[in-house]
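Just below is one structure, and these are the notes that go with it.
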Amino acid sequence: MLRQWSADLTMGVKFAFTGGREGWIRVLLTGVGVGLGVALLLLTTAIPNAMQTREDREYARLAFALGGPEPAKADNTLLVGEVSTEFRGREVLGRQLEPEGLRAPLPPGLKKFPAPGEMFVSPALRELLESKDAKLLRERLPYRVTGSIGESGLIGSAELAYYTGGRNLAKYHDDSGVSRIDAFNVQKPPSKETDPVLLLLVLTVFVVLLMPVGVFIAAAVRFGGERRDRRLAALRLVGADGRMTRRIAAGEALAGAFLGLLFGIGFFLIGRQIAGSVELFEISVFPSYLDPAPVLAVLIAVAVPAAAVVVTLLALRGVVIEPLGVVRTAKPARRRLWWRLLLPLGGLGLLAQMIGKGKNNGEFNEYMVTGGVILLLVGITALLPWVVEAVVARLNSGPVSWQLAVRRLQLSSGTAARMVNGIAVAVAGAIALQMLFAGVQSDYTKPTGQDPSRAQMELFVPGSVPIADTRRQLADTRGVRGAVALSDTWLGDRAKEPKATAGVTVGDCADLREVAKLPSCREGDVFALHAIEPELAEPGRKLVLDPSLDGDPKGAEVSWTVPRDIKKAEPRTDPSGWEREGFLMTTSALPTAAAETAGGSIYLELDMAVPDVSEIVRNAAMKIDPLAVPRMFTEGERTPEFDSIRTGLFAGAACVLALIGASLLVSQLEQLRERRKLLSSLIAFGTRRRTLTLSVLWQTAIPVALGLLLATMVGLTLGAVLLKMTDTAVTVDWLSVLAMTGIGAAVVLVVTALSVPPLLRLMRPDGLRTE
């Protein structure tokens, strides 16, 4: 038995490669279709390793200890200043380096330390600095480029990063983002317990992204099925029985699958190199990151040929191959609906058992989630042929092009449905994921408390930089409407290790009104806010400004007496969202010695109508002090875990859409090749090219419209169930649903437009010629 199977499969493989021009074209198209799917599967198996490598590289270059004490100054220590910035929405990693000894640790990717005034840059930053559009960034980084950062010091090929030499960073230590380290390669903190909802998101993303790939591979192995069946009928004439012909057909599919594996490896290697020069949603990788997991790669190598054989044998169950022809042109039996409904209903049954979980009611069962989503999406591929058959059976009257298209669909609705299955599955999954992300994102979006309507940017100013001068320079900067400057320090009940402390905010009267409701104010006034210990605010009490605190360097330790005319004030949240406590002082009320060590913040109101206003302000801040790095205000920010999953979805969806387009184009070309003689016959009998072109477009448009309608219904159902599983209210953003459907339709439209030129070449009378 095994020997017979082996002989028949081998014969099928030989027929695939020795069947002349037609056989070669068929196996080539199958190989390309399968290869595109295999390449994306290999890429998917490589993504976890790529993300892990990016994370490892990030921790390997951290310039501060996570929760640990800093080392004392020594021959092996390095001072690192944080000077990262932003340019037109893109992060630019920046570090100032000042070695304190000969054995100071080098950051990953550097062979030596840059001298002051020099900088080493990433290849992407070098390219950006050399471009015409980076004038503002060149002004902000006025250093001479003397070297490059190696791959080991970057998390991605498109990352913008630089290291520059620092000078006198010790005076900024503990005040302005300067840290002392004796080694890089910080140990990662222990991983947190997995959030059930985030796990659900990850599982759903992987299933939704991979399902269209599987559908396309299954469709690709059936390319040229009609011609293959006619060849098998000829084999029946020379004595082959039905089982033997099926095994030979499986051998042909196996040949295409193995060729697809080779193409897939080639496509993957090409894509792997291209990935090094592409950035998707601010994520880039080096080609070396994209190494597929060996176990998963072997699984793909085994599963794809096995699936090709299974799909081929299942497809031949409804075909009778006789010595005198293939019984497929007769009217086929109507497709049954009942078993097709079992798949989505089974998926809903699996998912329904986990409704209400995910927040405080336990974790989701990963296998049930995966199985339920797969069954629902596979249900589309089972239902779509029935829907297409049921609808086109009722379509009759219309122009000639319409009738030609409808008649073709009535004869082979299954082929038309297979072409649309992949796009329908992708759209349904995208709609469900969009609903799930939109429903739960509020749980992973934290309000910052910042008020961008009062100020759009904040600049931290170290105590060594005069805050009044800084404010004046920034206020004169183009695009700045207003600037509020507030210094902050501490006071205590004694100079060393005080038992009671309170914060002190210093500014002029107009600035203090940004953080408190003042009864009246003039220069020299002092105010006490609520939530302060009464004995600290007692008039005549002697206190100490900037006392020495545990673990901090020696403070200014300036004696200060609470004035007898101290006033009461109600606090007001400042633009950064901070509600101050303690004392408020006008500028002249703070002793000079304490003012020299008090750092502060400047809140800037910007004219957002000025082009690149934020970049202009960053440049002005850089000239004042390279360590004074401004930040933009936002009302809310998403958690990193949720954001990374969302970004991964967008990057994966872009790859899947590219696969969908390429696979649809290959499938469309294969269908046109199958109909070449029919098209040529119609042209020879005088049918207009315009009529035939429209008929082909109708043959694509009708199944696509039905597929997108079914996908929308299944996607909304799956999205609603997933939201119920996370105990979230079910809401539908219809604009997003229309957008997802529109994207799917746009991909089909582009593919159809690309297939028109080859269609016109096929519509020639000489296509009837045979050899």
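By order in the structure tokens, chains are A, B, ...; within a chain, residues start at 1; ligands start at 1, following the order shown.
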TODO: Run DSSP on the backbone and grab whatever in stretch 84-281 of chain A lands in alpha helix (DSSP H); send it over as a ChimeraX atom specification.
DONE: /A:123-129,135-140,196-220,225-237,242-275
- [ ] Name all residues at most 8 Å from stretch 479-496 of chain A (count only C-alpha atoms; drop same-chain ones fewer than 2 positions away) and give them as an MDAnalysis selection string.
- [x] chainID A and resid 467:468 471 474:477 498:507 511:512 514 536 542:549 557 598:608 610 613 616:617
Open item on the list: I'd like the neighbourhood of A:Trp386 as number ranges by chain, where a residue qualifies if any of its atoms comes within 8 Å (using only C-alpha atoms), though same-chain residues fewer than 3 positions away should be ignored.
Closed with: A: 335-337, 382-383, 389-390
- [ ] Choose the residue, out of A:Ala455, A:Ala569, A:Val83, A:Val721, that has the smallest atom-to-atom separation from A:Glu635; count only C-alpha atoms.
- [x] A:Ala455
- [ ] Using only C-alpha atoms, find the one residue out of A:Leu590, A:Leu78, A:Ala46, A:Val696 that sits nearest to A:Ala183.
- [x] A:Leu78
Spatial neighbours of stretch 9-11 of chain A, max dist 6 Å, only C-alpha atoms, sep filter under 5 positions, as a PDB file with all heavy atoms, in the first residue's frame:
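So result-v5.pdb came out as:
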ATOM      1  N   ARG A 247      -4.199  10.081  -6.297  1.00  0.00           N
ATOM      2  CA  ARG A 247      -2.854  10.096  -5.718  1.00  0.00           C
ATOM      3  C   ARG A 247      -1.869  10.825  -6.639  1.00  0.00           C
ATOM      4  O   ARG A 247      -0.984  11.539  -6.175  1.00  0.00           O
ATOM      5  CB  ARG A 247      -2.387   8.665  -5.435  1.00  0.00           C
ATOM      6  CG  ARG A 247      -3.139   7.991  -4.300  1.00  0.00           C
ATOM      7  CD  ARG A 247      -2.440   6.730  -3.854  1.00  0.00           C
ATOM      8  NE  ARG A 247      -2.524   5.667  -4.846  1.00  0.00           N
ATOM      9  CZ  ARG A 247      -3.477   4.755  -4.868  1.00  0.00           C
ATOM     10  NH1 ARG A 247      -4.439   4.763  -3.958  1.00  0.00           N
ATOM     11  NH2 ARG A 247      -3.469   3.805  -5.808  1.00  0.00           N
ATOM     12  N   ILE A 248      -2.062  10.674  -7.936  1.00  0.00           N
ATOM     13  CA  ILE A 248      -1.195  11.391  -8.884  1.00  0.00           C
ATOM     14  C   ILE A 248      -1.438  12.903  -8.767  1.00  0.00           C
ATOM     15  O   ILE A 248      -0.497  13.706  -8.781  1.00  0.00           O
ATOM     16  CB  ILE A 248      -1.448  10.903 -10.326  1.00  0.00           C
ATOM     17  CG1 ILE A 248      -0.968   9.459 -10.473  1.00  0.00           C
ATOM     18  CG2 ILE A 248      -0.752  11.809 -11.335  1.00  0.00           C
ATOM     19  CD1 ILE A 248      -1.323   8.836 -11.812  1.00  0.00           C
ATOM     20  N   GLY A 251       0.309  14.121  -5.880  1.00  0.00           N
ATOM     21  CA  GLY A 251       1.732  14.259  -6.173  1.00  0.00           C
ATOM     22  C   GLY A 251       2.035  15.564  -6.891  1.00  0.00           C
ATOM     23  O   GLY A 251       3.043  16.224  -6.606  1.00  0.00           O
TER      24      GLY A 251
END
Task: Close residues, A:Val400 itself excluded, 10 Å, only C-alpha atoms, min 3 positions apart in chain, as a list in words - done: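 Counting only the stated atoms, we get Ser397, Gln403, Leu404, Ala405, Val406, Thr687, Thr691, Leu692, Leu694 and Ser695 of chain A.
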Residues just named, written with N, CA and C atoms as a PDB file, in the first residue's frame:
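Contents of the output file again.pdb:
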ATOM      1  N   SER A 397     -31.120  38.803 -15.717  1.00  0.00           N
ATOM      2  CA  SER A 397     -31.172  39.837 -16.739  1.00  0.00           C
ATOM      3  C   SER A 397     -30.102  40.901 -16.512  1.00  0.00           C
ATOM      4  N   GLN A 403     -24.314  39.259 -18.034  1.00  0.00           N
ATOM      5  CA  GLN A 403     -24.775  37.880 -18.236  1.00  0.00           C
ATOM      6  C   GLN A 403     -23.605  36.915 -18.382  1.00  0.00           C
ATOM      7  N   LEU A 404     -22.543  37.346 -19.090  1.00  0.00           N
ATOM      8  CA  LEU A 404     -21.366  36.499 -19.206  1.00  0.00           C
ATOM      9  C   LEU A 404     -20.755  36.229 -17.826  1.00  0.00           C
ATOM     10  N   ALA A 405     -20.673  37.274 -17.018  1.00  0.00           N
ATOM     11  CA  ALA A 405     -20.074  37.130 -15.689  1.00  0.00           C
ATOM     12  C   ALA A 405     -20.933  36.235 -14.805  1.00  0.00           C
ATOM     13  N   VAL A 406     -22.249  36.475 -14.816  1.00  0.00           N
ATOM     14  CA  VAL A 406     -23.144  35.707 -13.961  1.00  0.00           C
ATOM     15  C   VAL A 406     -23.132  34.236 -14.363  1.00  0.00           C
ATOM     16  N   THR A 687     -17.004  39.300 -30.255  1.00  0.00           N
ATOM     17  CA  THR A 687     -17.348  39.958 -28.984  1.00  0.00           C
ATOM     18  C   THR A 687     -16.391  41.132 -28.745  1.00  0.00           C
ATOM     19  N   THR A 691     -16.695  44.563 -23.651  1.00  0.00           N
ATOM     20  CA  THR A 691     -17.682  43.674 -23.028  1.00  0.00           C
ATOM     21  C   THR A 691     -16.993  42.589 -22.208  1.00  0.00           C
ATOM     22  N   LEU A 692     -15.946  41.988 -22.781  1.00  0.00           N
ATOM     23  CA  LEU A 692     -15.231  40.932 -22.065  1.00  0.00           C
ATOM     24  C   LEU A 692     -14.521  41.485 -20.827  1.00  0.00           C
ATOM     25  N   LEU A 694     -15.396  44.086 -19.040  1.00  0.00           N
ATOM     26  CA  LEU A 694     -16.402  44.341 -18.005  1.00  0.00           C
ATOM     27  C   LEU A 694     -16.896  43.041 -17.375  1.00  0.00           C
ATOM     28  N   SER A 695     -17.009  41.985 -18.195  1.00  0.00           N
ATOM     29  CA  SER A 695     -17.481  40.714 -17.638  1.00  0.00           C
ATOM     30  C   SER A 695     -16.495  40.173 -16.614  1.00  0.00           C
TER      31      SER A 695
END
TODO: Rank nothing, just name the residue among A:Arg690, A:Arg26, A:Arg472, A:Lys135 nearest to A:Asn619, using only C-alpha atoms.
DONE: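 Among A:Arg690, A:Arg26, A:Arg472, A:Lys135, it is A:Lys135 that comes nearest to A:Asn619.
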TODO: For each of A:Arg631, A:Arg272, A:Arg761, A:Lys567, take the minimum atom-to-atom distance to A:Pro452, counting only C-alpha atoms, then give the residue where this is smallest.
DONE: A:Arg631
TODO: Find the residues near A:Phe184: any atom within 12 Å, counting only C-alpha atoms, skip ones fewer than 3 places away on the same chain, and give them as a VMD selection string.
DONE: chain A and resid 56 to 66 76 to 80 104 to 109 153 179 to 181 187 to 188
Only N, CA and C atoms, please: the residues just picked out, written as an mmCIF file, in the first residue's frame.
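After the write, selection.cif holds the following:
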data_model
loop_
_atom_site.group_PDB
_atom_site.id
_atom_site.type_symbol
_atom_site.label_atom_id
_atom_site.label_comp_id
_atom_site.auth_asym_id
_atom_site.auth_seq_id
_atom_site.Cartn_x
_atom_site.Cartn_y
_atom_site.Cartn_z
ATOM 1 N N ASP A 56 16.372 43.194 24.444
ATOM 2 C CA ASP A 56 17.682 42.901 25.039
ATOM 3 C C ASP A 56 18.679 44.017 24.727
ATOM 4 N N ARG A 57 18.649 44.519 23.490
ATOM 5 C CA ARG A 57 19.557 45.609 23.122
ATOM 6 C C ARG A 57 19.237 46.876 23.933
ATOM 7 N N GLU A 58 17.964 47.101 24.173
ATOM 8 C CA GLU A 58 17.565 48.289 24.949
ATOM 9 C C GLU A 58 18.118 48.223 26.364
ATOM 10 N N TYR A 59 17.981 47.069 27.007
ATOM 11 C CA TYR A 59 18.506 46.932 28.366
ATOM 12 C C TYR A 59 20.033 46.925 28.381
ATOM 13 N N ALA A 60 20.656 46.439 27.308
ATOM 14 C CA ALA A 60 22.117 46.346 27.274
ATOM 15 C C ALA A 60 22.792 47.713 27.259
ATOM 16 N N ARG A 61 22.053 48.760 26.880
ATOM 17 C CA ARG A 61 22.674 50.080 26.793
ATOM 18 C C ARG A 61 22.104 51.070 27.807
ATOM 19 N N LEU A 62 21.256 50.598 28.737
ATOM 20 C CA LEU A 62 20.698 51.493 29.753
ATOM 21 C C LEU A 62 21.812 52.140 30.558
ATOM 22 N N ALA A 63 21.652 53.419 30.818
ATOM 23 C CA ALA A 63 22.708 54.185 31.486
ATOM 24 C C ALA A 63 22.338 54.546 32.919
ATOM 25 N N PHE A 64 21.558 53.713 33.564
ATOM 26 C CA PHE A 64 21.246 53.920 34.972
ATOM 27 C C PHE A 64 20.863 52.583 35.568
ATOM 28 N N ALA A 65 21.007 52.491 36.874
ATOM 29 C CA ALA A 65 20.675 51.254 37.574
ATOM 30 C C ALA A 65 19.196 51.216 37.883
ATOM 31 N N LEU A 66 18.566 50.060 37.655
ATOM 32 C CA LEU A 66 17.139 49.907 37.924
ATOM 33 C C LEU A 66 16.926 49.614 39.405
ATOM 34 N N ASN A 76 36.738 53.264 37.141
ATOM 35 C CA ASN A 76 35.914 52.503 36.206
ATOM 36 C C ASN A 76 34.496 53.052 36.103
ATOM 37 N N THR A 77 34.304 54.322 36.421
ATOM 38 C CA THR A 77 32.956 54.906 36.374
ATOM 39 C C THR A 77 32.842 55.876 35.205
ATOM 40 N N LEU A 78 31.594 56.080 34.811
ATOM 41 C CA LEU A 78 31.287 56.929 33.664
ATOM 42 C C LEU A 78 30.085 57.795 34.019
ATOM 43 N N LEU A 79 30.162 59.083 33.698
ATOM 44 C CA LEU A 79 29.029 59.988 33.862
ATOM 45 C C LEU A 79 28.270 60.050 32.542
ATOM 46 N N VAL A 80 26.959 59.819 32.617
ATOM 47 C CA VAL A 80 26.110 59.789 31.422
ATOM 48 C C VAL A 80 24.999 60.819 31.581
ATOM 49 N N ALA A 104 36.604 53.188 32.322
ATOM 50 C CA ALA A 104 35.176 53.505 32.208
ATOM 51 C C ALA A 104 34.535 52.628 31.135
ATOM 52 N N PRO A 105 33.309 52.147 31.361
ATOM 53 C CA PRO A 105 32.673 51.223 30.403
ATOM 54 C C PRO A 105 32.242 51.939 29.124
ATOM 55 N N LEU A 106 32.483 51.303 28.014
ATOM 56 C CA LEU A 106 32.035 51.822 26.723
ATOM 57 C C LEU A 106 30.606 51.373 26.444
ATOM 58 N N PRO A 107 29.758 52.248 25.904
ATOM 59 C CA PRO A 107 28.408 51.809 25.518
ATOM 60 C C PRO A 107 28.492 50.799 24.371
ATOM 61 N N PRO A 108 27.543 49.879 24.270
ATOM 62 C CA PRO A 108 27.521 48.944 23.138
ATOM 63 C C PRO A 108 27.492 49.715 21.825
ATOM 64 N N GLY A 109 28.244 49.230 20.860
ATOM 65 C CA GLY A 109 28.269 49.863 19.547
ATOM 66 C C GLY A 109 29.350 50.901 19.360
ATOM 67 N N GLY A 153 24.731 48.506 19.307
ATOM 68 C CA GLY A 153 24.277 49.603 20.153
ATOM 69 C C GLY A 153 22.955 50.199 19.734
ATOM 70 N N SER A 179 23.738 60.505 35.372
ATOM 71 C CA SER A 179 23.911 59.332 36.220
ATOM 72 C C SER A 179 25.364 58.876 36.178
ATOM 73 N N ARG A 180 25.777 58.214 37.245
ATOM 74 C CA ARG A 180 27.113 57.612 37.300
ATOM 75 C C ARG A 180 26.937 56.099 37.260
ATOM 76 N N ILE A 181 27.629 55.438 36.344
ATOM 77 C CA ILE A 181 27.521 53.985 36.211
ATOM 78 C C ILE A 181 28.926 53.394 36.111
ATOM 79 N N GLN A 187 20.546 44.387 34.220
ATOM 80 C CA GLN A 187 19.734 43.174 34.332
ATOM 81 C C GLN A 187 18.256 43.531 34.248
ATOM 82 N N LYS A 188 17.534 42.787 33.408
ATOM 83 C CA LYS A 188 16.114 43.075 33.227
ATOM 84 C C LYS A 188 15.331 42.740 34.491
#
Open item on the list: Could you tell me how far atom CA of A:Ile702 sits from atom CA of A:Leu411, in Å to one decimal place?
Closed with: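 The value is 14.3 Å.
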